[in-house]
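The file run.txt comes next; it holds compact mmCIF, C-alpha atoms.
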```txt
# COMPACT_ATOMS: atom_id res chain seq x y z
CA MET A 1 0.00 0.00 0.00
CA ASN A 2 1.41 3.47 -0.85
CA THR A 3 0.81 6.87 0.71
CA HIS A 4 -1.86 7.78 -1.86
CA GLU A 5 -4.14 4.91 -0.91
CA HIS A 6 -6.77 5.31 1.79
CA ALA A 7 -6.04 3.17 4.86
CA ASN A 8 -8.42 2.25 7.65
CA VAL A 9 -6.81 1.74 11.07
CA VAL A 10 -8.65 0.54 14.17
CA VAL A 11 -7.07 1.17 17.58
CA VAL A 12 -8.46 -1.08 20.30
CA GLY A 13 -8.09 0.54 23.71
CA GLY A 14 -8.35 4.21 24.71
CA GLY A 15 -5.73 4.43 27.42
CA TYR A 16 -2.40 6.23 27.26
CA ALA A 17 -0.94 4.08 24.47
CA GLY A 18 -4.09 3.86 22.38
CA VAL A 19 -4.90 7.58 22.46
CA LEU A 20 -1.33 8.58 21.57
CA ALA A 21 -1.28 6.02 18.74
CA ALA A 22 -4.62 7.21 17.33
CA ASN A 23 -3.51 10.84 17.39
CA HIS A 24 -0.09 10.08 15.91
CA LEU A 25 -1.61 8.20 12.96
CA ARG A 26 -3.14 11.48 11.80
CA VAL A 27 0.32 12.46 10.54
CA ASN A 28 -0.99 10.87 7.34
CA ASP A 29 -4.23 12.58 6.27
CA ASP A 30 -5.14 9.57 4.13
CA VAL A 31 -5.44 7.34 7.21
CA ALA A 32 -8.91 6.96 8.71
CA VAL A 33 -8.64 6.17 12.42
CA THR A 34 -11.23 4.57 14.69
CA LEU A 35 -10.64 4.24 18.43
CA VAL A 36 -12.64 1.60 20.30
CA ASN A 37 -12.96 2.12 24.05
CA PRO A 38 -15.54 0.86 26.55
CA ARG A 39 -15.78 4.22 28.37
CA PRO A 40 -16.98 7.58 26.99
CA ARG A 41 -14.23 9.48 28.86
CA PHE A 42 -10.47 9.08 29.15
CA VAL A 43 -9.40 7.65 32.50
CA GLU A 44 -6.27 9.05 34.16
CA ARG A 45 -5.29 5.75 35.66
CA ILE A 46 -2.29 7.28 37.41
CA ARG A 47 -4.75 9.30 39.51
CA LEU A 48 -7.06 6.50 40.69
CA HIS A 49 -5.51 6.61 44.17
CA GLN A 50 -6.66 10.24 44.32
CA PHE A 51 -10.11 9.34 43.03
CA ILE A 52 -10.84 7.03 45.96
CA THR A 53 -10.11 9.82 48.46
CA GLY A 54 -11.93 12.50 46.48
CA SER A 55 -8.96 14.72 45.62
CA ASP A 56 -9.36 14.15 41.84
CA ASP A 57 -12.04 12.72 39.56
CA ALA A 58 -9.40 10.91 37.41
CA VAL A 59 -11.25 11.40 34.13
CA VAL A 60 -10.81 13.76 31.17
CA ASP A 61 -13.12 14.40 28.23
CA PHE A 62 -11.86 12.68 25.09
CA ALA A 63 -12.35 16.03 23.34
CA ASP A 64 -9.36 17.28 25.35
CA VAL A 65 -6.98 14.45 24.43
CA LEU A 66 -8.22 12.87 21.18
CA SER A 67 -8.05 14.34 17.69
CA GLY A 68 -11.39 15.44 16.31
CA ASP A 69 -10.50 13.50 13.17
CA VAL A 70 -10.48 10.21 15.09
CA ARG A 71 -13.79 8.37 15.25
CA LEU A 72 -14.53 7.29 18.83
CA VAL A 73 -16.63 4.12 19.21
CA VAL A 74 -17.74 3.56 22.81
CA ASP A 75 -17.95 -0.23 22.87
CA THR A 76 -15.99 -3.31 23.91
CA ALA A 77 -13.96 -5.44 21.51
CA GLU A 78 -15.10 -9.04 21.92
CA MET A 79 -13.05 -10.78 19.20
CA ILE A 80 -10.46 -10.05 16.54
CA ASP A 81 -10.74 -12.02 13.30
CA PRO A 82 -7.31 -11.68 11.65
CA SER A 83 -8.33 -13.60 8.52
CA ALA A 84 -11.22 -11.21 7.84
CA ARG A 85 -9.37 -8.21 9.29
CA ALA A 86 -12.32 -7.36 11.47
CA VAL A 87 -13.13 -6.66 15.12
CA ARG A 88 -16.42 -7.84 16.59
CA LEU A 89 -17.84 -5.56 19.27
CA ALA A 90 -20.10 -6.31 22.22
CA SER A 91 -22.90 -4.32 20.57
CA GLY A 92 -22.86 -6.73 17.62
CA GLU A 93 -21.21 -4.24 15.26
CA THR A 94 -18.20 -5.41 13.24
CA LEU A 95 -15.39 -3.03 12.31
CA GLY A 96 -13.17 -3.86 9.35
CA TYR A 97 -9.58 -2.68 9.27
CA ASP A 98 -6.51 -2.55 7.07
CA TYR A 99 -4.31 -2.34 10.18
CA LEU A 100 -5.09 -2.78 13.86
CA ILE A 101 -3.25 -1.46 16.92
CA TYR A 102 -3.81 -3.60 19.99
CA ALA A 103 -3.57 -1.25 23.01
CA LEU A 104 -5.85 -2.72 25.65
CA GLY A 105 -3.48 -1.97 28.53
CA SER A 106 -3.48 -3.87 31.80
CA THR A 107 -5.92 -4.76 34.54
CA GLY A 108 -5.49 -5.97 38.09
CA ALA A 109 -4.10 -9.47 38.36
CA ALA A 110 -6.87 -12.00 38.82
CA PRO A 111 -6.84 -12.80 42.54
CA THR A 112 -6.07 -16.44 43.27
CA VAL A 113 -5.83 -16.05 47.05
CA PRO A 114 -8.87 -17.56 48.79
CA GLY A 115 -11.41 -14.89 49.67
CA ALA A 116 -9.75 -12.10 47.66
CA ALA A 117 -12.35 -12.06 44.89
CA GLU A 118 -15.16 -12.06 47.45
CA PHE A 119 -13.89 -9.66 50.10
CA ALA A 120 -11.10 -7.48 48.65
CA TYR A 121 -11.50 -4.32 46.59
CA PRO A 122 -9.28 -4.03 43.48
CA LEU A 123 -8.18 -0.64 42.18
CA SER A 124 -6.78 -1.10 38.69
CA GLU A 125 -9.73 0.38 36.78
CA LEU A 126 -12.27 3.16 37.27
CA GLU A 127 -15.03 0.58 37.61
CA HIS A 128 -13.10 -0.89 40.54
CA ALA A 129 -12.32 2.47 42.13
CA GLU A 130 -15.94 3.65 42.19
CA PRO A 131 -17.29 1.03 44.66
CA LEU A 132 -14.09 1.33 46.72
CA ARG A 133 -14.56 5.09 47.00
CA ALA A 134 -18.15 4.58 48.11
CA LYS A 135 -17.10 2.01 50.70
CA LEU A 136 -14.28 4.13 52.12
CA ALA A 137 -16.73 7.01 52.58
CA THR A 138 -18.53 4.89 55.18
CA VAL A 139 -15.39 3.88 57.11
CA HIS A 140 -14.45 5.62 60.37
CA PRO A 141 -10.85 6.95 60.32
CA GLY A 142 -9.98 4.82 63.34
CA ALA A 143 -11.11 1.63 61.61
CA ALA A 144 -8.31 -0.44 60.10
CA VAL A 145 -7.87 -0.59 56.33
CA VAL A 146 -5.49 -3.17 54.85
CA VAL A 147 -3.68 -2.48 51.57
CA VAL A 148 -2.18 -5.58 49.95
CA GLY A 149 0.78 -4.93 47.64
CA ALA A 150 3.65 -2.46 47.98
CA GLY A 151 4.34 -1.55 44.38
CA PRO A 152 3.52 1.99 43.20
CA THR A 153 -0.26 1.51 43.41
CA GLY A 154 -0.22 0.08 46.91
CA LEU A 155 2.19 2.72 48.17
CA GLU A 156 0.17 5.56 46.72
CA VAL A 157 -3.11 4.25 48.10
CA ALA A 158 -1.69 3.61 51.57
CA ALA A 159 -0.07 7.04 51.75
CA GLU A 160 -3.13 8.84 50.39
CA LEU A 161 -5.35 7.25 53.02
CA GLY A 162 -2.77 7.68 55.78
CA GLU A 163 -2.41 11.38 55.03
CA GLN A 164 -6.16 11.73 55.51
CA GLY A 165 -5.87 10.18 58.95
CA GLN A 166 -7.08 6.70 58.10
CA SER A 167 -5.62 3.77 60.06
CA VAL A 168 -3.76 1.78 57.38
CA THR A 169 -1.74 -1.43 57.32
CA LEU A 170 0.38 -2.01 54.22
CA VAL A 171 1.15 -5.67 53.53
CA CYS A 172 4.19 -5.83 51.26
CA GLY A 173 4.26 -9.51 50.36
CA GLY A 174 8.02 -9.44 50.87
CA VAL A 175 9.71 -6.11 50.22
CA LEU A 176 8.37 -2.56 50.07
CA GLY A 177 8.86 -1.00 46.62
CA PRO A 178 10.52 -3.89 44.73
CA TYR A 179 11.83 -1.51 42.04
CA PHE A 180 13.44 0.86 44.54
CA GLY A 181 17.05 1.08 45.57
CA GLU A 182 17.79 0.67 49.27
CA SER A 183 18.11 4.40 49.99
CA THR A 184 14.79 5.09 48.29
CA ARG A 185 13.13 2.26 50.20
CA ARG A 186 14.35 3.66 53.52
CA ALA A 187 13.00 7.10 52.65
CA VAL A 188 9.58 5.68 51.74
CA THR A 189 9.51 3.65 54.95
CA ARG A 190 10.18 6.80 56.98
CA ARG A 191 7.39 8.62 55.17
CA MET A 192 4.97 5.79 55.90
CA GLN A 193 5.93 5.95 59.57
CA ARG A 194 5.22 9.69 59.67
CA LEU A 195 1.81 9.06 58.13
CA GLY A 196 1.04 6.38 60.72
CA VAL A 197 0.93 3.59 58.12
CA THR A 198 1.94 0.22 59.56
CA VAL A 199 4.28 -1.56 57.12
CA VAL A 200 4.29 -5.36 57.23
CA ASP A 201 7.15 -6.81 55.20
CA GLY A 202 9.76 -9.53 55.27
CA PRO A 203 9.39 -13.32 55.38
CA GLY A 204 5.83 -14.45 55.91
CA ALA A 205 4.30 -11.09 54.87
CA THR A 206 2.25 -12.67 52.09
CA VAL A 207 -1.54 -12.82 52.25
CA VAL A 208 -2.82 -16.38 52.00
CA GLU A 209 -6.48 -15.68 52.74
CA VAL A 210 -8.79 -12.67 52.75
CA ARG A 211 -11.65 -12.78 55.22
CA GLY A 212 -14.60 -10.49 55.78
CA ARG A 213 -12.82 -8.27 58.31
CA SER A 214 -9.20 -9.46 58.26
CA VAL A 215 -6.40 -11.00 56.20
CA LEU A 216 -4.34 -14.04 57.09
CA LEU A 217 -0.60 -14.05 56.41
CA ALA A 218 1.67 -16.93 55.49
CA ASP A 219 3.33 -16.83 58.92
CA GLY A 220 -0.04 -17.26 60.68
CA ARG A 221 -0.64 -13.64 61.66
CA GLU A 222 -4.16 -12.30 61.23
CA LEU A 223 -4.43 -8.58 60.51
CA PRO A 224 -7.77 -6.86 61.13
CA GLY A 225 -9.29 -4.65 58.42
CA VAL A 226 -12.83 -3.51 57.75
CA VAL A 227 -11.74 -2.92 54.14
CA THR A 228 -9.06 -4.82 52.20
CA ILE A 229 -7.68 -3.10 49.10
CA TRP A 230 -6.00 -5.42 46.59
CA ALA A 231 -3.07 -3.79 44.78
CA ALA A 232 -0.93 -6.88 44.20
CA GLY A 233 0.16 -7.09 40.59
CA PHE A 234 -1.28 -6.60 37.14
CA GLY A 235 -2.68 -8.80 34.40
CA VAL A 236 -3.91 -8.09 30.89
CA PRO A 237 -7.19 -8.68 29.04
CA ASP A 238 -7.41 -12.00 27.23
CA LEU A 239 -8.67 -10.64 23.89
CA ALA A 240 -5.49 -11.56 22.00
CA ARG A 241 -5.49 -15.10 23.36
CA ARG A 242 -9.20 -15.57 22.67
CA SER A 243 -8.64 -14.33 19.13
CA GLY A 244 -6.01 -17.00 18.47
CA LEU A 245 -3.03 -14.63 18.48
CA ALA A 246 0.28 -15.63 20.06
CA THR A 247 0.72 -14.28 23.59
CA ASP A 248 3.13 -14.62 26.48
CA GLU A 249 2.26 -16.50 29.66
CA ILE A 250 0.00 -13.77 31.06
CA GLY A 251 -1.69 -12.93 27.75
CA ARG A 252 0.35 -10.04 26.35
CA LEU A 253 0.41 -9.92 22.54
CA LEU A 254 3.71 -11.29 21.25
CA THR A 255 5.37 -8.99 18.72
CA ASP A 256 8.74 -8.48 17.10
CA GLU A 257 10.88 -5.43 17.81
CA THR A 258 8.79 -3.29 15.42
CA LEU A 259 5.72 -4.04 17.58
CA THR A 260 4.22 -6.19 14.81
CA SER A 261 2.37 -9.33 15.87
CA VAL A 262 4.43 -12.45 15.29
CA ASP A 263 1.31 -13.95 13.67
CA ASP A 264 0.02 -11.13 11.52
CA PRO A 265 1.73 -8.18 9.76
CA PHE A 266 -1.49 -6.16 9.91
CA ILE A 267 -1.68 -6.16 13.73
CA MET A 268 0.59 -4.03 15.95
CA GLY A 269 0.69 -3.79 19.72
CA ALA A 270 1.40 -0.97 22.17
CA GLY A 271 1.41 -0.42 25.91
CA ASP A 272 1.08 -2.83 28.81
CA ALA A 273 -0.60 -5.54 26.71
CA VAL A 274 2.34 -6.11 24.36
CA ALA A 275 5.51 -8.21 24.76
CA PRO A 276 8.11 -7.28 22.10
CA SER A 277 10.44 -10.27 21.55
CA ASN A 278 8.80 -11.82 24.64
CA ALA A 279 10.73 -9.25 26.71
CA PRO A 280 8.09 -6.66 27.68
CA LEU A 281 8.92 -3.23 29.02
CA ARG A 282 7.86 -2.37 32.55
CA MET A 283 4.11 -1.79 32.73
CA SER A 284 3.76 1.96 33.13
CA CYS A 285 2.41 5.12 31.59
CA GLN A 286 6.08 6.01 30.97
CA ALA A 287 6.40 3.05 28.60
CA ALA A 288 2.89 3.08 27.15
CA ILE A 289 2.93 6.51 25.51
CA PRO A 290 6.18 6.03 23.56
CA LEU A 291 5.07 2.55 22.56
CA GLY A 292 1.84 4.06 21.21
CA ALA A 293 3.82 6.45 19.02
CA GLN A 294 6.12 3.69 17.80
CA ALA A 295 3.25 1.33 16.97
CA ALA A 296 1.64 4.13 14.97
CA ASN A 297 4.94 4.72 13.17
CA THR A 298 5.12 1.04 12.27
CA VAL A 299 1.65 1.25 10.72
CA LEU A 300 2.58 4.42 8.82
CA SER A 301 5.78 2.78 7.55
CA ARG A 302 3.89 -0.26 6.30
CA ILE A 303 1.34 1.94 4.56
CA ALA A 304 4.18 3.81 2.87
CA GLY A 305 5.98 0.58 1.94
CA ASP A 306 8.95 1.43 4.17
CA GLU A 307 10.79 -0.77 6.68
CA PRO A 308 9.49 -0.10 10.21
CA ALA A 309 11.94 0.92 12.93
CA ALA A 310 12.67 -1.22 15.98
CA VAL A 311 11.59 -0.14 19.45
CA ASN A 312 13.90 2.53 20.80
CA GLN A 313 12.99 4.16 24.08
CA ALA A 314 14.52 4.81 27.45
CA PHE A 315 13.33 5.20 31.02
CA THR A 316 14.01 7.87 33.61
CA GLY A 317 12.81 6.07 36.73
CA GLN A 318 9.62 5.69 38.73
CA CYS A 319 7.46 8.47 40.21
CA VAL A 320 5.38 7.64 43.28
CA SER A 321 3.24 10.09 45.21
CA LEU A 322 3.14 9.62 48.96
CA GLY A 323 0.09 11.69 49.74
CA ARG A 324 -0.48 15.23 48.49
CA LYS A 325 2.51 16.65 50.36
CA ALA A 326 5.35 14.26 49.51
CA GLY A 327 6.57 11.76 46.98
CA VAL A 328 9.60 9.89 45.76
CA ILE A 329 11.28 9.76 42.36
CA GLN A 330 13.48 6.69 41.95
CA LEU A 331 16.01 7.67 39.29
CA ALA A 332 17.07 5.05 36.76
CA HIS A 333 19.57 4.31 34.04
CA LEU A 334 18.19 4.60 30.52
CA ASP A 335 17.74 0.82 30.37
CA ASP A 336 15.43 0.99 33.43
CA ARG A 337 17.92 -0.21 36.05
CA PRO A 338 17.43 1.84 39.23
CA THR A 339 20.32 4.00 40.39
CA PRO A 340 21.18 4.69 44.06
CA LEU A 341 19.73 8.20 43.62
CA PHE A 342 16.25 9.51 44.34
CA ILE A 343 14.34 12.74 44.86
CA GLY A 344 11.99 12.93 47.82
CA GLY A 345 9.67 15.16 49.82
CA ARG A 346 7.64 18.06 48.48
CA VAL A 347 9.89 18.43 45.43
CA ALA A 348 9.06 14.87 44.37
CA ALA A 349 5.35 15.52 44.98
CA SER A 350 5.53 18.56 42.71
CA ILE A 351 7.33 16.54 40.02
CA LYS A 352 4.75 13.75 40.19
CA GLU A 353 1.90 16.25 39.85
CA ALA A 354 3.68 17.87 36.89
CA VAL A 355 4.03 14.41 35.30
CA CYS A 356 0.30 13.74 35.70
CA LYS A 357 -0.66 17.09 34.21
CA GLY A 358 2.02 16.86 31.53
CA THR A 359 0.81 13.46 30.39
CA VAL A 360 -2.66 14.80 29.57
CA TRP A 361 -1.07 17.87 27.96
CA GLN A 362 1.12 15.64 25.75
CA LEU A 363 -1.89 13.68 24.54
CA GLY A 364 -3.77 16.88 23.79
CA LEU A 365 -0.83 18.40 21.93
CA GLU A 366 -0.50 15.32 19.74
CA ALA A 367 -4.23 15.54 19.03
CA ARG A 368 -3.84 19.12 17.83
CA LYS A 369 -0.45 18.70 16.14
CA PRO A 370 0.11 15.07 15.05
CA GLY A 371 3.78 14.17 14.97
CA SER A 372 4.79 16.67 17.65
CA TYR A 373 5.38 14.02 20.32
CA ARG A 374 9.01 13.09 21.03
CA TRP A 375 10.25 10.52 23.50
CA LEU A 376 13.50 9.69 25.27
CA LYS A 377 15.58 7.17 23.33
CA GLY A 378 18.79 5.24 23.81
CA GLY A 379 17.77 2.65 26.38
CA LYS A 380 19.95 -0.03 24.71
CA ARG A 381 16.90 -2.18 24.04
CA ALA A 382 18.81 -4.56 21.74
CA GLU A 383 21.27 -5.61 24.47
CA HIS A 384 18.44 -5.97 27.00
CA VAL A 385 16.42 -8.21 24.70
CA ALA A 386 19.44 -10.34 23.84
CA ALA A 387 20.05 -10.96 27.54
CA ALA A 388 16.37 -11.62 28.26
CA VAL A 389 15.81 -14.18 25.53
CA ARG A 390 19.03 -16.13 25.96
```
Could you render the structure as structure tokens?
Amino acid sequence: MNTHEHANVVVVGGGYAGVLAANHLRVNDDVAVTLVNPRPRFVERIRLHQFITGSDDAVVDFADVLSGDVRLVVDTAEMIDPSARAVRLASGETLGYDYLIYALGSTGAAPTVPGAAEFAYPLSELEHAEPLRAKLATVHPGAAVVVVGAGPTGLEVAAELGEQGQSVTLVCGGVLGPYFGESTRRAVTRRMQRLGVTVVDGPGATVVEVRGRSVLLADGRELPGVVTIWAAGFGVPDLARRSGLATDEIGRLLTDETLTSVDDPFIMGAGDAVAPSNAPLRMSCQAAIPLGAQAANTVLSRIAGDEPAAVNQAFTGQCVSLGRKAGVIQLAHLDDRPTPLFIGGRVAASIKEAVCKGTVWQLGLEARKPGSYRWLKGGKRAEHVAAAVR
């Protein structure tokens, strides 16, 4: 296909990667873009911990972040038919495509711990956060709340609640902040202490059962909690697997280094739901947005008959808010290895807030001026992949 031919591209998923990809495709005016998303508004997932405490609504109108030239279809993709190049939607409608970008993102990991599905509140999606927010509004500040998982989501939730005076126990399942360097971890621990958050880590600090008003740990301890919040890990939707496409063990779409499906040259992947060379980047907004741009570039290259470029992006670290008044920025090498350095306190909180606002601004700018987005490169992806797949 050459640049003078009309191309129809469907983007499945309206998160950070999908919106950036849809906007970036408009670099070519001959490309018709349709974005399929189950919600009528864009969800700022990196603000869901604020949503549950009422300090932010965590949603933005698509008009503010999505090009007016992109057709928005509010529906759920039920099946991809690669042979027919079509997507079947929950409404019964079928969308044909010349190229498809698979950008469904991630969800909370399916809880396998007994009682978790019945008694714990997940937080990975807006639909999860809404009932949790309603529940927390009924909880007395002195009543114990248990947060399970000490990655970024768990830390942010625990700190947000602790800053509001809620009694919180954070169950780490081993170590607090697995990505952090030791100095960063010590600083976060001190912040949790100042907020009155009880940190439970080390051997045996793994939840083996969730009960109605408590959790049971592997070492036999029972921790009381009128609400249990589940922030332990992420999974991905199973659309690729159900559609017969090759995936990794958790269901991420397997692609080559150009983000092209290993099964189909007309399907590209971006964001948390893709595993380039079976060596996925860290699930994060920081990775999703550049991947969205690069997946769009692969589509544009194929339309033009050019050779697509391989993934080339770098990381800067990990931003975690610790309430409204503090945060921590774990600095990293370009290949995503954490350094011994971090930024903390109010400065880090200001940086994290600037990142959240800047992310929406970036999406909006790309909507208005397709092709304006630039990302940090030079993360030595080739060496990383070679080591990972050996």
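Look at Ala137 (chain A): the protein and nucleic acid residues within 12 Å of it, using all atoms listed in the file and passing over chain neighbours fewer than 2 places away, are Phe51, Ile52, Thr53, Gly54, Glu130, Pro131, Leu132, Arg133, Ala134, Lys135, Val139, His140, Pro141, Ala143, Leu161, Gln164, Gln166 and Val227 of chain A.
Across A:Tyr102, A:Tyr373, A:Phe315, A:Trp230, the tightest approach to Glu209 (chain A) is made by A:Trp230 when counting only C-alpha atoms.
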TODO: For CA of Pro38 (chain A) and CA of Ala270 (chain A), determine how far apart the two atoms are, in Å to one decimal place.
DONE: 17.6 Å
Which residues of region 30-118 of chain A come within 10 Å of region 247-262 of chain A, and what is each one's closest atom pair and distance in Å (one decimal), counting only C-alpha atoms, sorted by chain and residue number, as a tab-separated table?
```
residue	atom	partner	partner_atom	distance
A:Leu100	CA	A:Thr260	CA	10.0
A:Ile101	CA	A:Thr260	CA	9.1
A:Tyr102	CA	A:Leu253	CA	8.0
A:Ala103	CA	A:Leu253	CA	9.6
A:Leu104	CA	A:Arg252	CA	9.6
A:Gly105	CA	A:Arg252	CA	9.2
A:Ser106	CA	A:Arg252	CA	9.1
A:Ala109	CA	A:Ile250	CA	9.4
```
- [ ] Write out as a VMD selection string which residues come within 10 Å of Thr228 (chain A) when counting only C-alpha atoms, dropping same-chain ones fewer than 4 positions away.
- [x] chain A and resid 116 119 to 122 132 144 to 148 168 to 169 210 to 215 224
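Of the residues under consideration (A:Asn37, A:Ser350, A:Asn28, A:Ser284), A:Asn37 shows the shortest atom-to-atom contact distance to Gly13 (chain A) when counting all atoms listed in the file.
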Task: Between CA of Gly151 (chain A) and CA of Gly177 (chain A), distance in Å (one decimal) - done: 5.1 Å
All residues 8 Å or closer to Val199 (chain A), only C-alpha atoms, same chain fewer than 3 positions away omitted, as an mmCIF file with C-alpha atoms, keeping the file's coordinate frame:
```
data_model
loop_
_atom_site.group_PDB
_atom_site.id
_atom_site.type_symbol
_atom_site.label_atom_id
_atom_site.label_comp_id
_atom_site.auth_asym_id
_atom_site.auth_seq_id
_atom_site.Cartn_x
_atom_site.Cartn_y
_atom_site.Cartn_z
ATOM 1 C CA THR A 169 -1.740 -1.430 57.320
ATOM 2 C CA LEU A 170 0.380 -2.010 54.220
ATOM 3 C CA VAL A 171 1.150 -5.670 53.530
ATOM 4 C CA CYS A 172 4.190 -5.830 51.260
ATOM 5 C CA THR A 189 9.510 3.650 54.950
ATOM 6 C CA MET A 192 4.970 5.790 55.900
#
```
